[in-house]
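What follows is the content of input.csv, which has CSV, C-alpha atoms and all ligand atoms:
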```
chain,number,residue,atom,x,y,z
A,2,MET,CA,27.2,-50.4,7.6
A,3,THR,CA,23.5,-49.6,8.0
A,4,ARG,CA,22.0,-46.7,9.9
A,5,ASP,CA,18.7,-48.0,11.2
A,6,GLY,CA,16.2,-45.1,11.5
A,7,ALA,CA,17.9,-42.9,8.9
A,8,GLU,CA,15.6,-41.7,6.2
A,9,ALA,CA,15.6,-43.8,3.0
A,10,VAL,CA,12.4,-42.3,1.4
A,11,ALA,CA,10.6,-39.2,2.5
A,12,CYS,CA,7.4,-37.9,0.8
A,13,THR,CA,5.9,-34.6,2.0
A,14,GLY,CA,2.6,-33.5,0.6
A,15,LEU,CA,3.1,-35.6,-2.5
A,16,ALA,CA,0.2,-35.2,-5.0
A,17,HIS,CA,-0.3,-36.5,-8.5
A,18,ALA,CA,-3.5,-36.4,-10.5
A,19,PHE,CA,-4.6,-37.9,-13.7
A,20,GLY,CA,-7.1,-35.4,-15.0
A,21,GLU,CA,-9.8,-35.2,-12.4
A,22,THR,CA,-8.6,-38.3,-10.5
A,23,ARG,CA,-6.4,-37.3,-7.5
A,24,ALA,CA,-4.5,-40.6,-7.4
A,25,VAL,CA,-2.1,-39.3,-4.7
A,26,ASP,CA,-3.5,-36.5,-2.6
A,27,GLY,CA,-1.1,-35.1,-0.1
A,28,LEU,CA,1.0,-38.2,0.8
A,29,ASP,CA,3.3,-37.8,3.9
A,30,LEU,CA,5.4,-40.9,4.4
A,31,THR,CA,8.9,-41.8,5.6
A,32,VAL,CA,10.6,-45.1,5.0
A,33,ARG,CA,13.5,-45.7,7.3
A,34,GLU,CA,16.8,-47.1,6.1
A,35,SER,CA,17.0,-50.9,6.3
A,36,GLU,CA,13.4,-51.5,7.2
A,37,VAL,CA,10.8,-53.5,5.2
A,38,PHE,CA,8.0,-51.1,4.7
A,39,GLY,CA,4.6,-52.3,3.4
A,40,LEU,CA,2.4,-49.9,1.5
A,41,LEU,CA,-1.1,-51.3,1.7
A,42,GLY,CA,-4.4,-50.1,0.4
A,43,PRO,CA,-7.4,-51.1,-1.7
A,44,ASN,CA,-7.3,-51.0,-5.5
A,45,GLY,CA,-7.1,-47.5,-6.7
A,46,ALA,CA,-5.7,-46.2,-3.4
A,47,GLY,CA,-2.7,-44.6,-5.2
A,48,LYS,CA,0.0,-47.0,-4.2
A,49,THR,CA,1.5,-47.6,-7.7
A,50,THR,CA,1.2,-43.9,-8.6
A,51,ALA,CA,3.1,-43.0,-5.4
A,52,ILE,CA,5.8,-45.6,-6.1
A,53,ARG,CA,6.2,-44.3,-9.7
A,54,CYS,CA,6.8,-40.8,-8.3
A,55,MET,CA,9.5,-42.2,-6.0
A,56,THR,CA,11.2,-44.1,-8.8
A,57,THR,CA,11.1,-40.9,-11.0
A,58,LEU,CA,9.0,-42.7,-13.6
A,59,LEU,CA,6.3,-40.0,-12.9
A,60,PRO,CA,6.9,-36.4,-12.2
A,61,VAL,CA,6.3,-34.8,-8.8
A,62,PRO,CA,3.8,-32.1,-9.7
A,63,ALA,CA,3.2,-31.1,-6.0
A,64,GLY,CA,5.0,-31.8,-2.8
A,65,MET,CA,8.4,-33.4,-2.4
A,66,VAL,CA,10.0,-36.8,-2.7
A,67,ARG,CA,13.5,-37.4,-1.4
A,68,VAL,CA,15.4,-40.7,-1.7
A,69,PHE,CA,18.4,-40.9,0.6
A,70,GLY,CA,18.3,-37.1,0.6
A,71,HIS,CA,18.1,-36.7,-3.2
A,72,ASP,CA,15.2,-34.7,-4.6
A,73,ALA,CA,13.3,-37.0,-7.0
A,74,ALA,CA,12.2,-34.1,-9.1
A,75,ARG,CA,15.6,-32.4,-9.5
A,76,ASP,CA,18.1,-35.2,-9.2
A,77,ARG,CA,16.5,-38.0,-11.0
A,78,MET,CA,19.7,-39.8,-12.1
A,79,ALA,CA,21.0,-39.9,-8.5
A,80,VAL,CA,17.8,-41.4,-7.3
A,81,ARG,CA,17.7,-44.0,-10.1
A,82,ARG,CA,21.2,-45.1,-9.3
A,83,LEU,CA,20.1,-46.0,-5.7
A,84,LEU,CA,17.0,-48.0,-6.7
A,85,GLY,CA,16.0,-51.4,-7.7
A,86,TYR,CA,12.4,-51.6,-9.0
A,87,VAL,CA,10.2,-54.6,-9.7
A,88,PRO,CA,7.0,-53.2,-11.3
A,89,GLN,CA,3.6,-55.0,-11.5
A,90,GLN,CA,4.1,-55.5,-15.2
A,91,LEU,CA,6.2,-58.3,-16.5
A,92,SER,CA,9.8,-57.1,-16.8
A,93,ALA,CA,11.5,-60.3,-17.9
A,94,ASP,CA,11.8,-61.4,-21.6
A,95,ALA,CA,10.5,-65.0,-22.1
A,96,GLY,CA,12.8,-65.4,-25.1
A,97,LEU,CA,16.0,-64.9,-23.2
A,98,THR,CA,17.5,-67.1,-20.6
A,99,GLY,CA,17.5,-66.1,-16.9
A,100,ARG,CA,21.1,-65.1,-17.1
A,101,GLU,CA,20.6,-63.1,-20.3
A,102,ASN,CA,17.7,-61.2,-18.7
A,103,VAL,CA,19.8,-60.3,-15.6
A,104,ALA,CA,22.8,-59.4,-17.8
A,105,LEU,CA,20.6,-57.0,-19.8
A,106,PHE,CA,19.7,-55.2,-16.5
A,107,ALA,CA,23.4,-55.2,-15.5
A,108,ARG,CA,24.3,-53.3,-18.8
A,109,VAL,CA,21.4,-50.9,-18.5
A,110,PHE,CA,22.3,-50.1,-14.9
A,111,ASP,CA,26.0,-49.6,-15.7
A,112,VAL,CA,27.4,-52.4,-13.7
A,113,PRO,CA,31.1,-52.2,-14.7
A,114,ARG,CA,31.9,-54.6,-17.6
A,115,ARG,CA,34.6,-56.4,-15.6
A,116,GLU,CA,32.2,-57.3,-12.8
A,117,ARG,CA,29.2,-58.1,-14.8
A,118,ALA,CA,29.4,-61.9,-15.2
A,119,GLU,CA,30.2,-62.3,-11.5
A,120,ARG,CA,27.5,-59.9,-10.4
A,121,VAL,CA,24.9,-61.6,-12.7
A,122,GLY,CA,25.8,-65.0,-11.3
A,123,GLN,CA,25.6,-63.7,-7.7
A,124,ALA,CA,22.1,-62.1,-8.3
A,125,LEU,CA,20.8,-65.3,-9.8
A,126,ALA,CA,22.2,-67.3,-6.9
A,127,ALA,CA,20.7,-64.9,-4.3
A,128,VAL,CA,17.3,-65.7,-5.6
A,129,GLY,CA,17.8,-69.5,-6.0
A,130,LEU,CA,18.0,-69.5,-9.8
A,131,ALA,CA,21.7,-70.6,-10.3
A,132,ASP,CA,20.7,-74.0,-11.6
A,133,ALA,CA,18.0,-72.6,-13.9
A,134,ALA,CA,20.0,-69.6,-15.1
A,135,ASP,CA,20.6,-71.0,-18.6
A,136,ARG,CA,17.0,-72.0,-19.3
A,137,LEU,CA,14.7,-69.7,-21.2
A,138,ALA,CA,12.6,-67.6,-18.9
A,139,GLY,CA,9.6,-68.7,-20.9
A,140,THR,CA,9.9,-72.1,-19.3
A,141,TYR,CA,10.0,-70.7,-15.7
A,142,SER,CA,7.1,-71.1,-13.2
A,143,GLY,CA,5.4,-67.9,-11.9
A,144,GLY,CA,7.4,-68.0,-8.7
A,145,MET,CA,10.7,-68.4,-10.7
A,146,VAL,CA,9.7,-65.4,-13.0
A,147,ARG,CA,9.2,-63.3,-9.9
A,148,ARG,CA,12.5,-64.3,-8.5
A,149,LEU,CA,14.2,-63.6,-11.8
A,150,GLU,CA,12.7,-60.1,-11.8
A,151,LEU,CA,14.1,-59.8,-8.2
A,152,ALA,CA,17.5,-60.7,-9.5
A,153,GLN,CA,17.2,-58.1,-12.3
A,154,ALA,CA,16.5,-55.5,-9.7
A,155,LEU,CA,19.3,-56.7,-7.4
A,156,VAL,CA,22.1,-56.9,-9.9
A,157,SER,CA,22.9,-53.1,-9.5
A,158,ALA,CA,23.2,-53.6,-5.7
A,159,PRO,CA,20.5,-51.1,-4.9
A,160,ARG,CA,20.2,-49.4,-1.5
A,161,LEU,CA,16.5,-49.3,-1.9
A,162,LEU,CA,14.4,-52.1,-3.4
A,163,ILE,CA,10.9,-51.2,-4.5
A,164,LEU,CA,8.5,-54.0,-5.3
A,165,ASP,CA,5.0,-53.5,-6.5
A,166,GLU,CA,2.9,-56.6,-5.5
A,167,PRO,CA,5.8,-59.0,-5.8
A,168,THR,CA,3.8,-62.1,-4.9
A,169,ILE,CA,0.5,-61.5,-6.5
A,170,GLY,CA,-1.1,-64.6,-8.0
A,171,LEU,CA,1.7,-67.0,-6.6
A,172,ASP,CA,0.9,-70.1,-4.6
A,173,PRO,CA,1.8,-70.0,-0.9
A,174,ILE,CA,5.0,-71.9,-1.3
A,175,ALA,CA,6.2,-69.6,-4.1
A,176,ARG,CA,5.2,-66.5,-2.1
A,177,THR,CA,7.3,-67.7,0.9
A,178,GLY,CA,10.2,-68.4,-1.5
A,179,VAL,CA,10.1,-64.8,-2.8
A,180,TRP,CA,10.1,-63.4,0.7
A,181,GLU,CA,12.8,-65.7,1.9
A,182,HIS,CA,15.1,-64.4,-0.8
A,183,ILE,CA,14.2,-60.8,-0.2
A,184,ASN,CA,14.9,-61.2,3.5
A,185,ALA,CA,18.2,-63.0,2.9
A,186,VAL,CA,19.5,-60.2,0.7
A,187,ARG,CA,18.3,-57.6,3.1
A,188,ALA,CA,20.0,-59.3,6.0
A,189,ALA,CA,23.2,-59.5,4.1
A,190,THR,CA,23.3,-56.0,2.7
A,191,GLY,CA,21.1,-53.8,4.9
A,192,MET,CA,19.0,-52.9,1.8
A,193,THR,CA,15.8,-51.0,2.4
A,194,VAL,CA,12.7,-52.6,1.0
A,195,LEU,CA,9.4,-50.8,0.1
A,196,VAL,CA,6.7,-53.2,-1.0
A,197,THR,CA,3.0,-53.1,-1.9
A,198,THR,CA,0.9,-56.1,-1.3
A,199,HIS,CA,-2.7,-57.1,-1.0
A,200,TYR,CA,-1.9,-60.0,1.2
A,201,MET,CA,-2.4,-58.9,4.8
A,202,ASP,CA,-0.8,-62.1,6.2
A,203,GLU,CA,2.4,-61.3,4.3
A,204,ALA,CA,2.4,-57.7,5.5
A,205,ASP,CA,1.9,-58.9,9.1
A,206,GLN,CA,4.7,-61.5,8.8
A,207,TYR,CA,7.4,-59.7,6.8
A,208,CYS,CA,7.0,-55.9,7.2
A,209,ASP,CA,8.6,-54.0,10.0
A,210,ARG,CA,6.1,-51.2,9.5
A,211,VAL,CA,3.1,-50.7,7.3
A,212,GLY,CA,1.2,-47.7,6.0
A,213,LEU,CA,-2.5,-48.1,5.0
A,214,MET,CA,-3.3,-45.9,2.1
A,215,HIS,CA,-6.8,-44.9,1.0
A,216,HIS,CA,-7.9,-42.2,-1.4
A,217,GLY,CA,-4.3,-41.0,-2.0
A,218,ARG,CA,-3.2,-40.6,1.6
A,219,ILE,CA,-1.8,-42.6,4.5
A,220,ARG,CA,-4.6,-43.3,6.9
A,221,ALA,CA,-2.8,-45.4,9.5
A,222,LEU,CA,0.9,-46.1,10.1
A,223,GLY,CA,2.8,-48.3,12.5
A,224,THR,CA,4.1,-51.8,13.1
A,225,PRO,CA,1.5,-54.5,12.3
A,226,ALA,CA,1.3,-55.2,16.0
A,227,GLU,CA,0.7,-51.5,16.9
A,228,LEU,CA,-2.1,-51.3,14.3
A,229,ARG,CA,-3.8,-54.5,15.5
A,230,GLU,CA,-3.5,-53.5,19.1
A,231,GLY,CA,-4.7,-50.0,18.4
A,232,LEU,CA,-7.9,-51.3,16.8
A,233,GLY,CA,-8.4,-53.8,19.7
A,234,ALA,CA,-8.1,-50.9,22.2
A,235,ARG,CA,-10.6,-48.8,20.2
A,236,ARG,CA,-13.1,-51.7,20.1
A,237,ARG,CA,-12.8,-52.3,23.8
A,238,ALA,CA,-13.3,-48.6,24.5
A,239,ALA,CA,-16.4,-48.9,22.4
A,240,GLY,CA,-17.7,-51.7,24.6
A,241,ALA,CA,-16.3,-54.9,23.0
A,242,PRO,CA,-15.6,-57.6,25.6
A,243,ASP,CA,-12.0,-58.2,26.7
A,244,THR,CA,-12.4,-61.8,25.5
A,245,ASP,CA,-12.7,-60.8,21.9
A,246,PRO,CA,-9.8,-62.1,19.8
A,247,LEU,CA,-7.1,-59.5,18.8
A,248,PRO,CA,-8.0,-58.0,15.5
A,249,THR,CA,-6.0,-59.1,12.4
A,250,LEU,CA,-4.3,-56.7,10.0
A,251,GLU,CA,-7.2,-57.4,7.6
A,252,ASP,CA,-9.6,-56.1,10.3
A,253,VAL,CA,-7.5,-53.0,10.6
A,254,PHE,CA,-7.6,-52.6,6.8
A,255,ARG,CA,-11.4,-53.0,6.7
A,256,ASP,CA,-11.8,-50.6,9.5
A,257,ILE,CA,-10.0,-47.9,7.5
A,258,ALA,CA,-11.0,-48.7,4.0
A,259,GLY,CA,-14.5,-49.4,5.2
A,260,SER,CA,-17.3,-49.9,2.8
A,261,GLY,CA,-15.3,-48.4,0.0
A,262,LEU,CA,-13.3,-51.6,-0.1
A,263,ASP,CA,-16.4,-53.8,-0.6
A,264,GLU,CA,-18.0,-51.5,-3.2
A,265,GLN,CA,-14.9,-51.1,-5.2
A,266,SER,CA,-13.2,-54.4,-5.2
A,267,GLY,CA,-15.1,-57.0,-3.2
A,268,ASP,CA,-11.9,-58.5,-1.9
A,269,PHE,CA,-8.3,-57.6,-1.6
A,270,ARG,CA,-7.4,-59.9,-4.5
A,271,ASP,CA,-9.8,-58.5,-6.9
A,272,VAL,CA,-10.4,-59.2,-10.5
A,273,ARG,CA,-8.1,-56.5,-11.8
A,274,SER,CA,-5.1,-57.9,-9.9
A,275,THR,CA,-5.9,-61.4,-10.9
A,276,ARG,CA,-6.1,-60.5,-14.6
A,277,ARG,CA,-2.8,-58.6,-14.4
A,278,THR,CA,-1.3,-61.7,-12.9
A,279,ALA,CA,-2.7,-63.9,-15.6
A,280,ARG,CA,-1.0,-61.7,-18.1
A,281,ARG,CA,2.2,-61.6,-16.2
A,282,VAL,CA,2.9,-65.3,-16.0
A,283,GLY,CA,0.7,-66.7,-18.8
B,301,LIG,N1,-2.1,-43.7,-16.2
B,301,LIG,C1,-3.3,-43.4,-15.6
B,301,LIG,N2,-4.2,-42.6,-16.2
B,301,LIG,C2,-5.4,-42.3,-15.6
B,301,LIG,N3,-5.7,-42.7,-14.4
B,301,LIG,C3,-4.8,-43.5,-13.7
B,301,LIG,C4,-3.6,-43.8,-14.3
B,301,LIG,N4,-2.9,-44.6,-13.4
B,301,LIG,C5,-3.7,-44.7,-12.3
B,301,LIG,N5,-4.8,-44.0,-12.5
B,301,LIG,C6,-5.9,-43.9,-11.5
B,301,LIG,O1,-5.4,-43.4,-10.3
B,301,LIG,C7,-5.9,-44.0,-9.2
B,301,LIG,C8,-4.8,-44.7,-8.4
B,301,LIG,O2,-4.3,-45.7,-9.1
B,301,LIG,P1,-3.1,-46.6,-8.6
B,301,LIG,O3,-2.8,-47.6,-9.7
B,301,LIG,O4,-2.0,-45.7,-8.2
B,301,LIG,O5,-3.7,-47.3,-7.4
B,301,LIG,P2,-3.2,-48.6,-6.6
B,301,LIG,O6,-3.4,-48.4,-5.2
B,301,LIG,O7,-1.8,-48.9,-7.0
B,301,LIG,O8,-4.2,-49.8,-7.1
B,301,LIG,P3,-3.9,-51.3,-7.4
B,301,LIG,O9,-3.9,-52.0,-6.0
B,301,LIG,O10,-5.1,-51.7,-8.2
B,301,LIG,O11,-2.6,-51.5,-8.1
B,301,LIG,C9,-7.0,-44.9,-9.7
B,301,LIG,O12,-8.2,-44.3,-9.7
B,301,LIG,C10,-6.5,-45.2,-11.1
B,301,LIG,O13,-7.6,-45.5,-12.0
```

Would you give me this structure, written as structure tokens?
Ligand SMILES: Nc1ncnc2c1ncn2[C@@H]1O[C@H](COP(=O)(O)OP(=O)(O)OP(=O)(O)O)[C@@H](O)[C@H]1O
Amino acid sequence: MTRDGAEAVACTGLAHAFGETRAVDGLDLTVRESEVFGLLGPNGAGKTTAIRCMTTLLPVPAGMVRVFGHDAARDRMAVRRLLGYVPQQLSADAGLTGRENVALFARVFDVPRRERAERVGQALAAVGLADAADRLAGTYSGGMVRRLELAQALVSAPRLLILDEPTIGLDPIARTGVWEHINAVRAATGMTVLVTTHYMDEADQYCDRVGLMHHGRIRALGTPAELREGLGARRRAAGAPDTDPLPTLEDVFRDIAGSGLDEQSGDFRDVRSTRRTARRVG
């Protein structure tokens, strides 16, 4: 069913500017079918802008984006039909039940009328919300809201699921819950997952490969282990003792984003993201 290694997303020389700000600046990136790919980078690195180009929500002014071979600039509807997208902004309506929220997405994404009720029920069950399906989303916890948004994106049975910071602001148990559901659906369907996260431990644990983005481009790419081992080897070559502990993905991140990270944001989970989260679940 799946073709591991085939191309799900390919960006070549992708660029997108807002006035003088070159948010994405020559991005080359391939996401392989059926992998979980983590796009990492400090605030302002251009991750969301790149994702919005891939989802056709922003135009592709320069370079090329292909999704399963479809050109995102020319064949937007074909691309949209293949995608599920969970944006950073809240996409669930607090005044509707979980089931009504997912049903709305089923209608928007043209799930055939005959199949809708069953598919909505399946999507809710897949994220562990079957029992809470008929409660108002406004009564859900932050983790449940995130899983509801996941169900909304899954109801159209996408081949590619794109998640922009799916676990931001959640407690560790809720974060694990979101990932367990993503992984279960992926294992069952072979769906490709492209995710941005500021949590290096999550990227390390759940992503097959990661790309570290900084100033609009990929600066390092590989499996988390490859990136950690690569930094370890560079440090040893520079004279670090063999007994030094293996670097973490966070060390790799700091090595690439360098002082810019500290100047701009102080920490991965900076104020902007936290505020956004407060708005999302508040
Ligand atoms: N609509 C917009 N108008 C003007 N500038 C924008 C807009 N969207 C993003 N930018 C700018 O483009 C750059 C990249 O932003 P983007 O949101 O893509 O980064 P990011 O890596 O997703 O950051 P974060 O981790 O904070 O979500 C930043 O300098 C940002 O201020």

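Within 12 Å of the point (-9.1, -62.9, 19.2), and counting all atoms listed in the file, the protein, DNA and RNA residues are Arg229, Glu230, Leu232, Gly233, Arg236, Ala241, Pro242, Asp243, Thr244, Asp245, Pro246, Leu247, Pro248, Thr249 and Asp252 of chain A.
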
Determine, for each residue of chain A having at least one atom at most 7 Å from an atom of ligand LIG 301 (chain B), the closest pair of atoms and their separation in Å to one decimal, counting all atoms listed in the file; order by chain and ascending number, as a Markdown table.
```
| residue | atom | partner | partner_atom | distance |
| --- | --- | --- | --- | --- |
| A:Phe19 | CA | B:LIG301 | C2 | 4.9 |
| A:Thr22 | CA | B:LIG301 | O1 | 6.0 |
| A:Arg23 | CA | B:LIG301 | O1 | 6.8 |
| A:Ala24 | CA | B:LIG301 | C7 | 4.1 |
| A:Gly42 | CA | B:LIG301 | O6 | 5.9 |
| A:Pro43 | CA | B:LIG301 | O9 | 5.6 |
| A:Asn44 | CA | B:LIG301 | O10 | 3.6 |
| A:Gly45 | CA | B:LIG301 | O5 | 3.5 |
| A:Ala46 | CA | B:LIG301 | O6 | 3.7 |
| A:Gly47 | CA | B:LIG301 | O4 | 3.3 |
| A:Lys48 | CA | B:LIG301 | O6 | 3.8 |
| A:Thr49 | CA | B:LIG301 | O7 | 3.6 |
| A:Thr50 | CA | B:LIG301 | O4 | 3.7 |
| A:Ala51 | CA | B:LIG301 | O4 | 6.4 |
| A:Arg273 | CA | B:LIG301 | O10 | 6.7 |
| A:Ser274 | CA | B:LIG301 | O10 | 6.4 |
```

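Neighbouring residues of range 192-194 of chain A at 7 Å or closer, counting all atoms listed in the file and skipping chain neighbours under 6 positions away, are Glu34, Ser35, Glu36, Val37, Phe38, Arg160, Leu161, Leu162 and Ile163 of chain A.
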
Worksheet item: Hey, can you check how far CA of Arg100 in chain A sits from CA of Ala138 in chain A?
Response: 9.0 Å

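When CA of Leu195 in chain A is paired with CA of Pro225 in chain A, their separation reads 15.0 Å.
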
Discussion item. Need the shell around Leu149 in chain A: protein/DNA/RNA residues with any atom at most 12 Å away, counting only C-alpha atoms. Skip same-chain ones fewer than 6 positions apart. Format as a VMD selection string?
Written reply: chain A and resid 87 91 to 95 97 to 104 106 121 to 122 124 to 131 133 to 139 141 to 143 155 to 156 167 179 182 to 183

File dump, residues just selected, C-alpha atoms, as a compact mmCIF listing (two decimals), in the frame of the given file:
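Final file, out04.txt:
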```txt
# COMPACT_ATOMS: atom_id res chain seq x y z
CA VAL A 87 10.20 -54.60 -9.70
CA LEU A 91 6.20 -58.30 -16.50
CA SER A 92 9.80 -57.10 -16.80
CA ALA A 93 11.50 -60.30 -17.90
CA ASP A 94 11.80 -61.40 -21.60
CA ALA A 95 10.50 -65.00 -22.10
CA LEU A 97 16.00 -64.90 -23.20
CA THR A 98 17.50 -67.10 -20.60
CA GLY A 99 17.50 -66.10 -16.90
CA ARG A 100 21.10 -65.10 -17.10
CA GLU A 101 20.60 -63.10 -20.30
CA ASN A 102 17.70 -61.20 -18.70
CA VAL A 103 19.80 -60.30 -15.60
CA ALA A 104 22.80 -59.40 -17.80
CA PHE A 106 19.70 -55.20 -16.50
CA VAL A 121 24.90 -61.60 -12.70
CA GLY A 122 25.80 -65.00 -11.30
CA ALA A 124 22.10 -62.10 -8.30
CA LEU A 125 20.80 -65.30 -9.80
CA ALA A 126 22.20 -67.30 -6.90
CA ALA A 127 20.70 -64.90 -4.30
CA VAL A 128 17.30 -65.70 -5.60
CA GLY A 129 17.80 -69.50 -6.00
CA LEU A 130 18.00 -69.50 -9.80
CA ALA A 131 21.70 -70.60 -10.30
CA ALA A 133 18.00 -72.60 -13.90
CA ALA A 134 20.00 -69.60 -15.10
CA ASP A 135 20.60 -71.00 -18.60
CA ARG A 136 17.00 -72.00 -19.30
CA LEU A 137 14.70 -69.70 -21.20
CA ALA A 138 12.60 -67.60 -18.90
CA GLY A 139 9.60 -68.70 -20.90
CA TYR A 141 10.00 -70.70 -15.70
CA SER A 142 7.10 -71.10 -13.20
CA GLY A 143 5.40 -67.90 -11.90
CA LEU A 155 19.30 -56.70 -7.40
CA VAL A 156 22.10 -56.90 -9.90
CA PRO A 167 5.80 -59.00 -5.80
CA VAL A 179 10.10 -64.80 -2.80
CA HIS A 182 15.10 -64.40 -0.80
CA ILE A 183 14.20 -60.80 -0.20
```

Discussion item. Which residues are close to Pro60 in chain A, i.e. within 12 Å by all atoms listed in the file, leaving aside same-chain residues fewer than 3 positions away? Reply as a ChimeraX atom specification.
Written reply: /A:15-19,50-57,63-66,72-77

Response to the item:
The distance between CA of Val146 in chain A and CA of Pro159 in chain A is 19.7 Å

Practice prompt. Mind checking which residues fall within 9 Å of Leu41 in chain A, counting all atoms listed in the file, ignoring those fewer than 2 positions away in the same chain, and posting them as a count of residues only?
Written response: 17
